[in-house]
$ cat protein.cif   # mmCIF, C-alpha atoms
data_final
loop_
_atom_site.label_atom_id
_atom_site.label_comp_id
_atom_site.auth_asym_id
_atom_site.auth_seq_id
_atom_site.Cartn_x
_atom_site.Cartn_y
_atom_site.Cartn_z
CA MET R 1 103.56 85.59 91.87
CA LEU R 2 105.75 88.10 90.05
CA TYR R 3 105.37 88.42 86.28
CA LEU R 4 107.82 90.41 84.14
CA TYR R 5 107.02 91.26 80.53
CA ASP R 6 108.93 92.91 77.68
CA GLY R 7 106.97 96.04 76.74
CA ALA R 8 103.40 96.99 77.66
CA LEU R 9 101.09 94.80 79.73
CA ASN R 10 97.89 93.25 78.37
CA VAL R 11 95.79 94.46 81.29
CA PRO R 12 92.44 92.74 80.52
CA ASN R 13 94.16 89.36 80.03
CA ILE R 14 96.27 89.62 83.17
CA LEU R 15 93.30 90.68 85.33
CA LYS R 16 91.21 87.83 83.87
CA ASP R 17 93.96 85.27 84.54
CA TRP R 18 94.52 86.43 88.10
CA TYR R 19 90.80 86.54 88.89
CA GLU R 20 90.27 83.05 87.51
CA GLN R 21 93.32 81.67 89.34
CA GLU R 22 91.85 82.71 92.69
CA GLU R 23 88.08 82.87 92.29
CA LYS R 24 87.43 79.56 94.08
CA ASN R 25 89.92 80.25 96.89
CA ASN R 26 87.53 82.11 99.17
CA TYR R 27 89.04 85.59 99.01
CA GLY R 28 86.30 88.13 99.62
CA ALA R 29 88.24 91.07 98.20
CA PHE R 30 90.41 91.43 95.08
CA ILE R 31 92.05 94.81 94.52
CA PRO R 32 94.31 95.38 91.53
CA PHE R 33 96.21 98.62 91.05
CA VAL R 34 96.94 99.37 87.37
CA GLY R 35 99.52 101.99 86.36
CA THR R 36 99.25 103.51 82.89
CA VAL R 37 101.67 105.87 81.11
CA ARG R 38 100.26 109.39 81.12
CA SER R 39 100.86 112.00 78.48
CA GLU R 40 102.72 114.77 80.31
CA ASP R 41 105.80 116.90 79.72
CA GLU R 42 105.62 115.93 76.05
CA ILE R 43 107.07 112.45 76.53
CA ASP R 44 106.52 109.74 73.92
CA GLY R 45 106.55 107.00 76.54
CA LEU R 46 108.55 105.52 79.40
CA SER R 47 111.22 102.87 79.56
CA PHE R 48 112.19 100.64 82.49
CA ASP R 49 115.29 98.82 83.71
CA LEU R 50 114.75 96.14 86.38
CA TYR R 51 117.26 94.40 88.61
CA GLU R 52 115.64 91.01 88.97
CA PRO R 53 117.55 89.39 91.87
CA ILE R 54 116.67 92.14 94.36
CA LEU R 55 113.22 92.69 92.83
CA LYS R 56 112.46 89.02 93.46
CA SER R 57 113.69 89.04 97.05
CA TRP R 58 111.79 92.27 97.75
CA PHE R 59 108.64 90.66 96.35
CA LYS R 60 109.21 87.46 98.33
CA ALA R 61 109.37 89.49 101.57
CA TRP R 62 105.96 91.00 100.71
CA GLN R 63 104.55 87.57 99.91
CA LYS R 64 105.46 86.53 103.45
CA LYS R 65 103.80 89.63 104.91
CA ALA R 66 100.68 88.84 102.88
CA GLU R 67 100.67 85.22 104.03
CA LYS R 68 100.61 86.33 107.67
CA LYS R 69 97.34 88.15 106.90
CA SER R 70 95.94 85.16 104.97
CA ALA R 71 96.24 87.25 101.82
CA ILE R 72 98.17 86.84 98.59
CA ILE R 73 99.79 89.34 96.24
CA LYS R 74 100.54 89.30 92.53
CA MET R 75 102.52 91.78 90.52
CA ALA R 76 103.25 92.37 86.84
CA HIS R 77 105.77 94.90 85.48
CA SER R 78 107.15 95.88 82.11
CA ARG R 79 110.77 95.82 81.00
CA GLY R 80 111.90 98.24 78.26
CA ASP R 81 109.64 100.65 76.42
CA VAL R 82 105.98 101.35 77.20
CA MET R 83 104.30 104.02 75.12
CA LEU R 84 101.66 106.63 76.03
CA HIS R 85 98.36 105.20 77.32
CA GLU R 86 99.85 101.72 77.66
CA SER R 87 100.18 100.10 81.09
CA SER R 88 103.46 99.11 82.74
CA TYR R 89 102.42 97.97 86.21
CA ILE R 90 99.77 95.89 87.97
CA ALA R 91 99.86 95.01 91.65
CA ALA R 92 97.01 93.05 93.20
CA VAL R 93 95.97 91.77 96.59
CA PHE R 94 93.49 88.99 97.32
CA SER R 95 92.33 88.95 100.92
CA PRO R 96 89.51 87.39 102.93
CA LYS R 97 88.45 90.83 104.17
CA ARG R 98 87.87 94.23 102.59
CA ARG R 99 89.55 96.42 105.23
CA ALA R 100 92.75 94.38 105.26
CA ALA R 101 92.83 94.32 101.46
CA LEU R 102 92.54 98.09 101.13
CA GLU R 103 95.27 98.67 103.69
CA PHE R 104 97.54 96.07 102.16
CA ILE R 105 97.38 97.33 98.57
CA ASN R 106 98.13 100.81 99.87
CA GLU R 107 101.21 99.77 101.83
CA PHE R 108 102.39 97.47 99.07
CA VAL R 109 102.17 100.10 96.31
CA GLU R 110 103.86 102.75 98.47
CA ASP R 111 106.75 100.45 99.34
CA PHE R 112 106.99 99.38 95.72
CA LYS R 113 107.50 103.02 94.72
CA ALA R 114 110.12 103.55 97.44
CA SER R 115 112.06 100.28 97.27
CA ALA R 116 111.59 98.12 94.18
CA PRO R 117 114.80 98.16 92.08
CA ILE R 118 113.28 99.58 88.91
CA TRP R 119 114.56 102.62 87.04
CA LYS R 120 112.35 104.81 84.90
CA TYR R 121 113.38 106.77 81.81
CA ASP R 122 111.42 109.28 79.77
CA LEU R 123 111.33 108.59 76.03
CA ARG R 124 111.62 111.91 74.26
CA ASN R 125 112.63 112.45 70.62
CA GLY R 126 114.37 109.10 70.48
CA ASN R 127 116.32 109.71 73.71
CA ARG R 128 116.05 107.70 76.94
CA ILE R 129 116.41 110.14 79.84
CA TYR R 130 116.65 108.92 83.45
CA ALA R 131 113.69 110.34 85.41
CA ILE R 132 115.79 111.35 88.41
CA ASP R 133 113.35 114.06 89.59
CA ARG R 134 110.58 111.47 90.14
CA SER R 135 112.92 108.85 91.62
CA THR R 136 113.41 107.96 95.28
CA ALA R 137 116.67 106.97 96.93
CA ILE R 138 116.29 103.51 98.49
CA LYS R 139 116.34 103.53 102.31
CA GLY R 140 119.95 103.36 103.52
CA SER R 141 121.36 105.04 100.40
CA GLY R 142 124.56 107.07 100.58
CA ILE R 143 126.76 104.78 102.69
CA LEU R 144 129.55 105.08 100.11
CA GLY R 145 129.30 108.89 100.02
CA ASP R 146 132.01 111.20 101.30
CA LYS R 147 131.60 111.48 105.11
CA LYS R 148 133.59 114.74 105.39
CA MET O 1 78.71 105.03 85.60
CA LEU O 2 76.58 102.73 87.72
CA TYR O 3 75.79 99.27 86.34
CA LEU O 4 73.21 96.97 87.97
CA TYR O 5 72.97 93.31 87.00
CA ASP O 6 70.61 90.47 87.87
CA GLY O 7 72.74 87.77 89.54
CA ALA O 8 76.53 87.40 89.60
CA LEU O 9 78.91 89.79 87.82
CA ASN O 10 81.14 88.73 84.93
CA VAL O 11 84.26 90.26 86.47
CA PRO O 12 86.78 89.75 83.61
CA ASN O 13 84.38 91.28 81.07
CA ILE O 14 83.48 94.25 83.23
CA LEU O 15 87.12 95.03 84.05
CA LYS O 16 88.04 94.73 80.37
CA ASP O 17 85.20 97.04 79.31
CA TRP O 18 86.04 99.66 81.92
CA TYR O 19 89.77 99.57 81.15
CA GLU O 20 89.14 99.95 77.43
CA GLN O 21 86.61 102.75 77.96
CA GLU O 22 89.24 104.85 79.74
CA GLU O 23 92.65 103.71 78.51
CA LYS O 24 93.19 106.69 76.19
CA ASN O 25 91.89 109.24 78.71
CA ASN O 26 95.21 109.86 80.47
CA TYR O 27 94.44 108.36 83.87
CA GLY O 28 97.67 107.13 85.42
CA ALA O 29 95.99 104.90 87.98
CA PHE O 30 93.05 102.48 87.73
CA ILE O 31 92.01 100.70 90.92
CA PRO O 32 89.07 98.31 90.92
CA PHE O 33 87.78 96.72 94.11
CA VAL O 34 86.09 93.36 93.51
CA GLY O 35 83.86 91.77 96.16
CA THR O 36 83.31 88.00 95.98
CA VAL O 37 80.95 85.82 98.06
CA ARG O 38 82.96 83.87 100.63
CA SER O 39 82.05 80.49 102.00
CA GLU O 40 81.45 81.10 105.71
CA ASP O 41 78.81 80.18 108.28
CA GLU O 42 77.61 77.46 105.89
CA ILE O 43 75.77 79.82 103.59
CA ASP O 44 74.89 78.75 100.03
CA GLY O 45 75.18 82.31 98.74
CA LEU O 46 73.95 85.85 99.26
CA SER O 47 71.02 87.78 97.90
CA PHE O 48 70.61 91.53 97.47
CA ASP O 49 67.78 94.07 97.38
CA LEU O 50 68.60 97.52 95.99
CA TYR O 51 66.65 100.74 96.19
CA GLU O 52 67.61 102.36 92.92
CA PRO O 53 66.44 105.99 93.30
CA ILE O 54 68.60 106.65 96.38
CA LEU O 55 71.42 104.40 95.15
CA LYS O 56 71.61 106.53 92.01
CA SER O 57 71.60 109.83 93.86
CA TRP O 58 74.24 108.53 96.32
CA PHE O 59 76.39 107.48 93.37
CA LYS O 60 75.88 110.82 91.61
CA ALA O 61 77.16 112.67 94.70
CA TRP O 62 80.34 110.53 94.56
CA GLN O 63 80.72 111.21 90.86
CA LYS O 64 80.80 114.92 91.66
CA LYS O 65 83.41 114.37 94.39
CA ALA O 66 85.51 112.41 91.91
CA GLU O 67 85.17 115.10 89.27
CA LYS O 68 86.61 117.69 91.66
CA LYS O 69 89.74 115.53 91.87
CA SER O 70 89.84 115.02 88.08
CA ALA O 71 88.98 111.37 88.70
CA ILE O 72 86.07 109.17 87.67
CA ILE O 73 84.33 106.28 89.37
CA LYS O 74 82.44 103.27 88.08
CA MET O 75 80.43 100.75 90.03
CA ALA O 76 78.69 97.45 89.30
CA HIS O 77 76.42 95.58 91.71
CA SER O 78 74.25 92.49 91.64
CA ARG O 79 70.51 92.29 92.30
CA GLY O 80 69.08 89.01 93.60
CA ASP O 81 71.05 85.84 94.22
CA VAL O 82 74.83 85.46 93.99
CA MET O 83 76.25 82.07 94.90
CA LEU O 84 79.50 81.10 96.67
CA HIS O 85 82.68 82.26 94.90
CA GLU O 86 80.73 84.47 92.54
CA SER O 87 81.21 88.25 92.63
CA SER O 88 78.52 90.78 93.49
CA TYR O 89 80.36 94.10 93.59
CA ILE O 90 82.97 96.07 91.66
CA ALA O 91 83.89 99.66 92.41
CA ALA O 92 86.65 101.38 90.46
CA VAL O 93 88.44 104.69 90.39
CA PHE O 94 90.43 106.15 87.51
CA SER O 95 92.64 109.04 88.56
CA PRO O 96 95.59 110.97 87.14
CA LYS O 97 97.64 110.20 90.25
CA ARG O 98 98.35 107.10 92.37
CA ARG O 99 98.04 108.65 95.83
CA ALA O 100 94.67 110.27 95.10
CA ALA O 101 93.39 107.05 93.55
CA LEU O 102 94.29 104.91 96.56
CA GLU O 103 92.69 107.38 98.96
CA PHE O 104 89.60 107.72 96.82
CA ILE O 105 88.84 104.01 96.40
CA ASN O 106 89.24 103.63 100.15
CA GLU O 107 86.80 106.41 101.04
CA PHE O 108 84.38 105.35 98.34
CA VAL O 109 84.21 101.69 99.41
CA GLU O 110 83.85 102.61 103.09
CA ASP O 111 80.99 105.01 102.38
CA PHE O 112 79.41 102.46 100.07
CA LYS O 113 79.32 99.98 102.96
CA ALA O 114 77.84 102.58 105.34
CA SER O 115 75.38 104.36 103.08
CA ALA O 116 74.40 102.65 99.84
CA PRO O 117 70.76 101.46 100.04
CA ILE O 118 71.45 97.78 99.48
CA TRP O 119 70.22 94.96 101.74
CA LYS O 120 72.02 91.67 102.07
CA TYR O 121 70.47 88.27 102.83
CA ASP O 122 72.14 84.95 103.54
CA LEU O 123 70.89 82.06 101.43
CA ARG O 124 70.69 79.01 103.64
CA ASN O 125 68.70 75.84 102.95
CA GLY O 126 66.39 77.66 100.58
CA ASN O 127 65.74 80.51 103.01
CA ARG O 128 66.61 84.16 102.52
CA ILE O 129 67.68 85.58 105.89
CA TYR O 130 68.38 89.30 106.38
CA ALA O 131 72.04 89.74 107.45
CA ILE O 132 71.24 92.22 110.19
CA ASP O 133 74.40 91.49 112.21
CA ARG O 134 76.64 92.65 109.36
CA SER O 135 74.43 95.62 108.43
CA THR O 136 74.99 99.27 109.29
CA ALA O 137 72.29 101.80 110.14
CA ILE O 138 72.47 104.71 107.68
CA LYS O 139 73.65 107.98 109.24
CA GLY O 140 70.66 109.80 110.72
CA SER O 141 68.68 106.61 111.36
CA GLY O 142 66.17 106.42 114.19
CA ILE O 143 64.37 109.76 113.79
CA LEU O 144 61.01 107.96 113.88
CA GLY O 145 61.97 106.03 117.04
CA ASP O 146 60.30 106.57 120.41
CA LYS O 147 61.94 109.65 122.05
CA LYS O 148 60.76 108.76 125.61
CA MET V 1 138.54 89.70 93.84
CA VAL V 2 135.26 91.54 94.46
CA ARG V 3 133.03 92.47 91.52
CA ILE V 4 131.36 95.90 91.53
CA GLU V 5 128.25 96.42 89.36
CA PHE V 6 126.53 99.72 88.60
CA LEU V 7 122.80 99.35 88.02
CA GLY V 8 120.17 101.24 86.06
CA PRO V 9 121.20 104.69 84.89
CA ILE V 10 124.78 104.63 86.23
CA GLN V 11 126.72 104.37 82.99
CA LYS V 12 129.82 102.60 84.23
CA GLU V 13 131.40 99.25 83.38
CA PRO V 14 131.75 96.69 86.20
CA LEU V 15 135.01 96.70 88.20
CA GLU V 16 137.01 93.84 89.72
CA LEU V 17 138.79 95.05 92.88
CA GLN V 18 140.99 93.58 95.59
CA ILE V 19 139.21 95.04 98.65
CA THR V 20 138.10 93.74 102.05
CA ASN V 21 135.31 96.09 103.04
CA LEU V 22 132.93 98.76 101.73
CA ASN V 23 135.00 101.63 103.16
CA GLU V 24 137.82 100.73 100.79
CA LEU V 25 135.36 100.71 97.90
CA ALA V 26 134.04 104.12 98.99
CA LYS V 27 137.57 105.63 98.90
CA ILE V 28 138.25 104.24 95.42
CA LEU V 29 134.95 105.42 93.96
CA GLN V 30 135.15 108.86 95.59
CA ASP V 31 138.18 109.59 93.38
CA ASP V 32 135.94 109.26 90.32
CA LYS V 33 134.30 112.68 89.78
CA GLU V 34 131.42 111.18 87.76
CA MET V 35 130.55 108.86 90.63
CA GLN V 36 130.30 111.41 93.42
CA GLU V 37 126.61 112.19 93.10
CA TRP V 38 125.71 108.52 92.63
CA LEU V 39 127.59 107.67 95.83
CA THR V 40 125.41 110.02 97.88
CA ASN V 41 122.10 108.74 96.51
CA SER V 42 122.72 105.06 95.77
CA ALA V 43 121.99 102.08 97.96
CA VAL V 44 124.47 99.21 98.18
CA ALA V 45 123.81 95.49 97.99
CA VAL V 46 126.33 92.73 98.68
CA ASN V 47 125.40 89.47 96.96
CA ASP V 48 121.94 90.95 96.29
CA THR V 49 121.19 91.85 99.90
CA LEU V 50 120.90 95.54 100.81
CA ILE V 51 123.56 96.68 103.30
CA CYS V 52 123.25 99.69 105.60
CA SER V 53 126.78 100.05 106.99
CA SER V 54 130.01 100.86 105.14
CA ASN V 55 131.91 98.72 107.66
CA HIS V 56 130.53 95.61 105.98
CA GLU V 57 133.35 93.10 105.32
CA LEU V 58 133.89 91.71 101.82
CA LYS V 59 135.43 88.40 100.80
CA ASP V 60 136.78 86.97 97.59
CA GLY V 61 133.95 86.33 95.09
CA ASP V 62 131.50 88.82 96.61
CA LYS V 63 129.36 90.94 94.29
CA VAL V 64 128.65 94.56 95.24
CA SER V 65 125.82 96.39 93.43
CA LEU V 66 125.08 100.12 93.45
CA LEU V 67 121.37 100.94 93.16
CA PRO V 68 120.58 104.56 92.27
CA PRO V 69 117.16 106.17 93.08
CA VAL V 70 114.25 104.06 91.86
CA CYS V 71 110.90 104.76 90.26
CA GLY V 72 108.86 101.73 89.27
CA GLY V 73 105.28 101.70 88.11
CA MET X 1 47.71 111.69 101.05
CA VAL X 2 51.28 110.70 101.82
CA ARG X 3 52.59 107.29 100.73
CA ILE X 4 54.82 105.33 103.12
CA GLU X 5 57.09 102.61 101.71
CA PHE X 6 59.08 100.05 103.69
CA LEU X 7 62.30 98.99 101.95
CA GLY X 8 64.47 95.89 101.96
CA PRO X 9 63.80 93.44 104.78
CA ILE X 10 60.89 95.33 106.39
CA GLN X 11 58.00 93.07 105.49
CA LYS X 12 55.19 95.59 105.46
CA GLU X 13 52.82 96.77 102.75
CA PRO X 14 52.89 100.47 101.79
CA LEU X 15 50.53 102.83 103.65
CA GLU X 16 48.59 105.90 102.45
CA LEU X 17 48.21 108.38 105.33
CA GLN X 18 46.74 111.83 105.87
CA ILE X 19 49.66 113.42 107.79
CA THR X 20 51.53 116.72 107.67
CA ASN X 21 54.90 115.90 109.20
CA LEU X 22 57.18 113.03 110.19
CA ASN X 23 56.30 113.30 113.90
CA GLU X 24 52.75 112.26 113.07
CA LEU X 25 54.08 109.31 111.11
CA ALA X 26 56.30 108.35 114.06
CA LYS X 27 53.32 108.26 116.42
CA ILE X 28 51.28 106.08 114.06
CA LEU X 29 54.11 103.61 113.42
CA GLN X 30 55.10 103.40 117.10
CA ASP X 31 51.72 101.79 117.79
CA ASP X 32 52.76 98.87 115.56
CA LYS X 33 54.75 96.45 117.76
CA GLU X 34 56.48 94.86 114.76
CA MET X 35 57.75 98.25 113.63
CA GLN X 36 59.39 99.36 116.88
CA GLU X 37 62.86 98.00 116.23
CA TRP X 38 62.81 99.15 112.61
CA LEU X 39 61.94 102.67 113.76
CA THR X 40 65.08 102.88 115.89
CA ASN X 41 67.47 101.67 113.21
CA SER X 42 65.94 102.90 109.94
CA ALA X 43 66.75 106.06 108.04
CA VAL X 44 63.96 108.09 106.47
CA ALA X 45 63.79 109.58 102.99
CA VAL X 46 61.15 111.98 101.69
CA ASN X 47 60.82 111.87 97.91
CA ASP X 48 64.09 109.90 97.81
CA THR X 49 66.10 112.43 99.79
CA LEU X 50 67.38 111.40 103.23
CA ILE X 51 65.95 113.51 106.06
CA CYS X 52 67.55 113.98 109.48
CA SER X 53 64.81 115.70 111.47
CA SER X 54 61.39 114.38 112.45
CA ASN X 55 60.03 117.94 112.23
CA HIS X 56 60.16 117.69 108.45
CA GLU X 57 56.85 118.87 106.93
CA LEU X 58 54.96 116.65 104.49
CA LYS X 59 52.58 117.66 101.75
CA ASP X 60 50.01 115.87 99.65
CA GLY X 61 51.70 113.46 97.20
CA ASP X 62 54.94 113.08 99.15
CA LYS X 63 56.58 109.67 99.35
CA VAL X 64 58.24 108.62 102.61
CA SER X 65 60.66 105.63 102.55
CA LEU X 66 62.05 103.73 105.54
CA LEU X 67 65.56 102.36 104.95
CA PRO X 68 66.71 99.72 107.45
CA PRO X 69 70.45 98.98 108.07
CA VAL X 70 72.36 98.37 104.83
CA CYS X 71 75.09 96.00 103.74
CA GLY X 72 76.09 96.20 100.09
CA GLY X 73 79.04 94.51 98.45
#

$ encode --input "protein.cif" --output "structure tokens"
Amino acid sequence: MLYLYDGALNVPNILKDWYEQEEKNNYGAFIPFVGTVRSEDEIDGLSFDLYEPILKSWFKAWQKKAEKKSAIIKMAHSRGDVMLHESSYIAAVFSPKRRAALEFINEFVEDFKASAPIWKYDLRNGNRIYAIDRSTAIKGSGILGDKK
Amino acid sequence: MLYLYDGALNVPNILKDWYEQEEKNNYGAFIPFVGTVRSEDEIDGLSFDLYEPILKSWFKAWQKKAEKKSAIIKMAHSRGDVMLHESSYIAAVFSPKRRAALEFINEFVEDFKASAPIWKYDLRNGNRIYAIDRSTAIKGSGILGDKK
Amino acid sequence: MVRIEFLGPIQKEPLELQITNLNELAKILQDDKEMQEWLTNSAVAVNDTLICSSNHELKDGDKVSLLPPVCGG
Amino acid sequence: MVRIEFLGPIQKEPLELQITNLNELAKILQDDKEMQEWLTNSAVAVNDTLICSSNHELKDGDKVSLLPPVCGG
């Protein structure tokens, strides 16, 4: 399941809900990844835009990959502003086996960073500045660029 | 920190405590690994023996490794009986960066499985049967064996 | 008509254009100085599916989205 | 005297032995049929530090622990 929230995530509640949803379903390994806003470069926080239609189809493709390994994935992400030391992202895998779970969370989080249609802005003195230096062009980008 | 409990772990509470202990400490990534007892081979549950002196020194060595990467680790484990669908193990890393955190939890959990002085027993019809088939000889084992 | 939407940080209002493929869209957008860098680093979706060739045909009612570099988490 | 402890699933009471290195311990334990498999798959710690050579010297008051194959988690 994919959960989108306005503002920061309530991490303890989300982890509790997810654990309790699956605890009787015979998954031997549960690995959440929690992303929290760090204080660096004097930012006041981060802000996020999401494009839901493609985010949902991207997530659905990963759900199918998980299903093939008898695993499931869950993800929560913030929309809008998330201040310093608040959390904006949780991805989790539940899998029968440890090894598969560790590999899956790794691949999932890496592809999330490279492909999920989410844009990050630094909040700095009341401004919202696109974090282009930390952003990654989606695979296949540039097809409208000048071919000369 | 290393936390040892008699019986099953209260996973939501432990994750909440750990998250809240570190949320202001500027770690961008928090990755817990939760191990839960699966129903397989008709067991009723698992049971664990720990040898604390060596478990603590093994954990301390990993704390030092984490420190070198500006990360920290926490671990909780059960002593005694843990029944089906209850959890017996949580390992977690807090790290400034995602990549380092994913690598670290991976290495830590693998070494835990290979080296931590914990013995696992299947609970089956009131018997406690050493799970030798799933156990791993610690590196350097066999030095007292017959050299002939 | 084909609707063109600019996502995330691309500060540009949607367009409605009479075009039949992505190459025509590329020519139109390349004339806009402010779009040139976005064109080199953005991905393109037609009706919310990512497309990897500019030869892709478009039909009346299609929606084209430009997705600049991403950074979730 | 050196104290020998058998951890986890090895069902054996501790021993107190007058020995000066691990090779002597190996010889004594190899005479115990029930110990032979444990000897091939157990690690050895002296005073809670894992040891990788049977030439390790022992002194009065040392504690030797045998650690059979592990499986935490």

$ atom_distance --input "protein.cif" --atom1 "atom CA of X:Ile28" --atom2 "atom CA of O:Gly140"
20.0 Å

$ interface_residues --input "protein.cif" --of "chain O" --to "chain X" --cutoff "9 Å" --atoms "only C-alpha atoms" --output "JSON, numbers by chain"
{"O": [34, 35, 36, 37, 48, 49, 50, 51, 53, 54, 57, 77, 78, 87, 88, 89, 90, 109, 112, 113, 114, 115, 116, 117, 118, 119, 120, 121, 129, 130, 131, 132, 134, 135, 136, 137, 138, 139, 140, 141, 142, 143, 144, 145, 146]}

$ atom_distance --input "protein.cif" --atom1 "atom CA of R:Arg98" --atom2 "atom CA of R:Glu86"
28.7 Å

$ interface_residues --input "protein.cif" --of "chain R" --to "chain O" --cutoff "10 Å" --atoms "all atoms listed in the file" --output "number ranges by chain"
R: 11-20, 22-40, 84-87, 89-94, 96-99, 101-103, 105-106, 109-110

$ resolve_selection --input "protein.cif" --expression "the PyMOL selection byres ((chain R and resi 79-81) around 6)" --output "PDB file with C-alpha atoms, keeping the file's coordinate frame"
ATOM      1  CA  TYR R   5     107.020  91.260  80.530  1.00  0.00           C
ATOM      2  CA  ASP R   6     108.930  92.910  77.680  1.00  0.00           C
ATOM      3  CA  GLY R   7     106.970  96.040  76.740  1.00  0.00           C
ATOM      4  CA  LEU R  46     108.550 105.520  79.400  1.00  0.00           C
ATOM      5  CA  SER R  47     111.220 102.870  79.560  1.00  0.00           C
ATOM      6  CA  PHE R  48     112.190 100.640  82.490  1.00  0.00           C
ATOM      7  CA  SER R  78     107.150  95.880  82.110  1.00  0.00           C
ATOM      8  CA  VAL R  82     105.980 101.350  77.200  1.00  0.00           C
TER       9      VAL R  82
END

$ atom_distance --input "protein.cif" --atom1 "atom CA of V:Lys63" --atom2 "atom CA of R:Gln63"
25.7 Å
